[in-house]
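Report on the structure given below.
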Amino acid sequence: MSTINPSLKFLMNLLKVQTQVARRFDRLSIHGISFSDFAILYLLQQAPDRKLRRIDLAEKTGLTASGITRMLLPMEKTGLVGREANERDARVSYVVLTAAGRTLYEDARETANAVAKEIVPTDYIKNNQPLTALLKLLGGNIA
C-alpha cells in the first residue's frame with residue numbers, strides 16, 4: 001500500500017469538499033445561474049462602477065482569461081453582463097454588470113446566503129481564524 005503525505009491528502013479532501021459545495025449550490029438554478037455565475041455577479045457588484053477588466057475578473061476567480069471568456073458568453077447572451085470598450089485602449093474591454101444582472105444578483109443572494117448558512121454556520125467562520133488564514137494562503141482572497 002502506497003502512502004501520500006498529509007498535504008496531498010488535505011488537498012484531495014479540499015477537492016471533494018469543493019464538489020459537494022458546488023452540488024449544494026445547485027439550488028441557484030431556480031434563478032437560472034450556477035454558483036460560478038453567482039460569484040462573477042458578486043465580484044462585479046462589488047467592483048467600482050460595477051465593471052472589471054476581463055483579466056482582473058479571471059484573476060479574482062482563479063480562472064484563465066479564456067476560461068472567464070467562455071463563462072461570460074452565456075451571461076452576455078442572457079443580458080446579465082455586458083461589454084464596454086476602454087476609451088483609451090481598444091485592446092482592453094470591461095465586463096459590466098447590467099441592470100438585469102444586478103436584479104438577478106439581489107434575488108439569488110438570498111438563496112446563496114441560505115445555502116451557505118446550511119453548509120457552514122456563520123459562528124463557525126467567526127471562531128475559526130486558522131481555517132480562514134489557510135484559505136488565504138491557498139489563494140482564497142475574495143473579500
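The chains in the C-alpha cells are called A, B, ... from first to last as shown; in each chain the residues are counted from 1, and the ligands are counted from 1 in the order shown.
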
Can you list, as an NGL selection string, every protein, DNA or RNA residue that comes within 9 Å of A:His31 when you count only C-alpha atoms, leaving out same-chain residues fewer than 5 positions away?
:A and (104 or 107-108 or 111)

Expected file: the selected residues, N, CA and C atoms, as an mmCIF file, in the first residue's frame:
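Once everything was written out, this is result03.cif:
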data_model
loop_
_atom_site.group_PDB
_atom_site.id
_atom_site.type_symbol
_atom_site.label_atom_id
_atom_site.label_comp_id
_atom_site.auth_asym_id
_atom_site.auth_seq_id
_atom_site.Cartn_x
_atom_site.Cartn_y
_atom_site.Cartn_z
ATOM 1 N N LEU A 104 -30.983 40.180 -10.748
ATOM 2 C CA LEU A 104 -30.843 38.742 -10.533
ATOM 3 C C LEU A 104 -29.906 38.462 -9.362
ATOM 4 N N ASP A 107 -31.760 38.904 -6.090
ATOM 5 C CA ASP A 107 -32.675 37.787 -5.843
ATOM 6 C C ASP A 107 -31.906 36.523 -5.450
ATOM 7 N N ALA A 108 -30.857 36.219 -6.186
ATOM 8 C CA ALA A 108 -30.084 34.995 -5.950
ATOM 9 C C ALA A 108 -29.281 35.069 -4.653
ATOM 10 N N THR A 111 -30.922 33.236 -1.780
ATOM 11 C CA THR A 111 -30.771 31.782 -1.887
ATOM 12 C C THR A 111 -29.353 31.373 -1.513
#

Can you pull out every residue within 9 Å of A:Phe38, counting only C-alpha atoms, but drop anything in the same chain fewer than 3 positions away, and send it as a list in words?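 What passes the distance filter is Leu28, Ile33, Ser34, Phe35, Leu41, Tyr42, Leu43, Tyr105, Ala108, Arg109 and Ala112 of chain A.
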
Could you save those same residues with C-alpha atoms as a PDB file, in the first residue's frame?
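Below is the file that was written, selection31.pdb:
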ATOM      1  CA  LEU A  28     -29.274  28.639  -7.515  1.00  0.00           C
ATOM      2  CA  ILE A  33     -27.463  30.583 -12.749  1.00  0.00           C
ATOM      3  CA  SER A  34     -24.708  28.419 -11.299  1.00  0.00           C
ATOM      4  CA  PHE A  35     -22.594  29.072  -8.216  1.00  0.00           C
ATOM      5  CA  LEU A  41     -22.105  38.654 -10.344  1.00  0.00           C
ATOM      6  CA  TYR A  42     -20.886  39.210  -6.772  1.00  0.00           C
ATOM      7  CA  LEU A  43     -17.442  40.343  -7.894  1.00  0.00           C
ATOM      8  CA  TYR A 105     -27.876  39.038  -8.157  1.00  0.00           C
ATOM      9  CA  ALA A 108     -30.084  34.995  -5.950  1.00  0.00           C
ATOM     10  CA  ARG A 109     -28.159  36.429  -2.994  1.00  0.00           C
ATOM     11  CA  ALA A 112     -26.956  31.752  -1.793  1.00  0.00           C
TER      12      ALA A 112
END

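Computed from the coordinates, the atom CA of A:Phe10 to atom CA of A:Asp26 distance equals 24.7 Å.
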
Next on the checklist: List the spatial neighbours of A:Ser93 as a list in words - criterion: any atom at most 9 Å away, only C-alpha atoms, same-chain residues fewer than 6 positions off excluded.
Outcome noted: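 Final neighbour list, sorted by chain and number: Leu52, Arg53, Arg54, Arg83, Glu84, Ala85 and Asn86 of chain A.
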
Could you give me the residues within chain A that DSSP places in strand (DSSP E or B), as a compact mmCIF listing (two decimals) with N, CA and C atoms, in the first residue's frame?
# COMPACT_ATOMS: atom_id res chain seq x y z
N LYS A 51 -17.86 47.29 -12.81
CA LYS A 51 -17.21 46.76 -14.00
C LYS A 51 -15.77 46.39 -13.67
N LEU A 52 -15.27 45.38 -14.39
CA LEU A 52 -13.89 44.90 -14.23
C LEU A 52 -13.34 44.51 -15.59
N ARG A 53 -12.02 44.65 -15.73
CA ARG A 53 -11.39 44.12 -16.93
C ARG A 53 -11.50 42.59 -16.87
N VAL A 81 -24.57 40.44 -18.02
CA VAL A 81 -23.37 41.26 -18.12
C VAL A 81 -23.27 41.80 -19.54
N GLY A 82 -22.49 42.85 -19.67
CA GLY A 82 -22.25 43.42 -20.99
C GLY A 82 -20.78 43.71 -21.16
N ARG A 83 -20.43 44.20 -22.34
CA ARG A 83 -19.04 44.58 -22.64
C ARG A 83 -18.97 46.08 -22.81
N GLU A 84 -17.86 46.61 -22.37
CA GLU A 84 -17.63 48.03 -22.54
C GLU A 84 -16.18 48.22 -22.98
N ALA A 85 -15.98 48.95 -24.03
CA ALA A 85 -14.62 49.20 -24.54
C ALA A 85 -13.96 50.29 -23.70
N SER A 93 -11.09 45.58 -22.72
CA SER A 93 -12.55 45.69 -22.59
C SER A 93 -12.93 45.36 -21.16
N TYR A 94 -14.06 45.88 -20.77
CA TYR A 94 -14.57 45.66 -19.42
C TYR A 94 -15.79 44.75 -19.47
N VAL A 95 -15.98 44.02 -18.40
CA VAL A 95 -17.21 43.27 -18.17
C VAL A 95 -18.03 44.16 -17.24
N VAL A 96 -19.26 44.44 -17.65
CA VAL A 96 -20.11 45.36 -16.91
C VAL A 96 -21.35 44.63 -16.41
N LEU A 97 -21.70 44.84 -15.17
CA LEU A 97 -22.91 44.29 -14.62
C LEU A 97 -24.09 45.12 -15.11

field: Residue among A:Lys16, A:Ala133, A:Gly32, A:Val21 lying closest to A:Glu118, counting only C-alpha atoms
entry: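 Going through A:Lys16, A:Ala133, A:Gly32, A:Val21 one by one, the smallest distance to A:Glu118 is for A:Val21.
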
Report task. Would you mind writing down, as number ranges by chain, each residue of chain A that DSSP on the backbone assigns to alpha helix (DSSP H)? Result -> A: 6-24, 35-46, 54-61, 65-77, 99-119, 122-126, 129-137

From the list A:Leu73, A:Ile119, A:Ala39, A:Met12, the nearest residue to A:Thr61 using only C-alpha atoms is A:Ala39
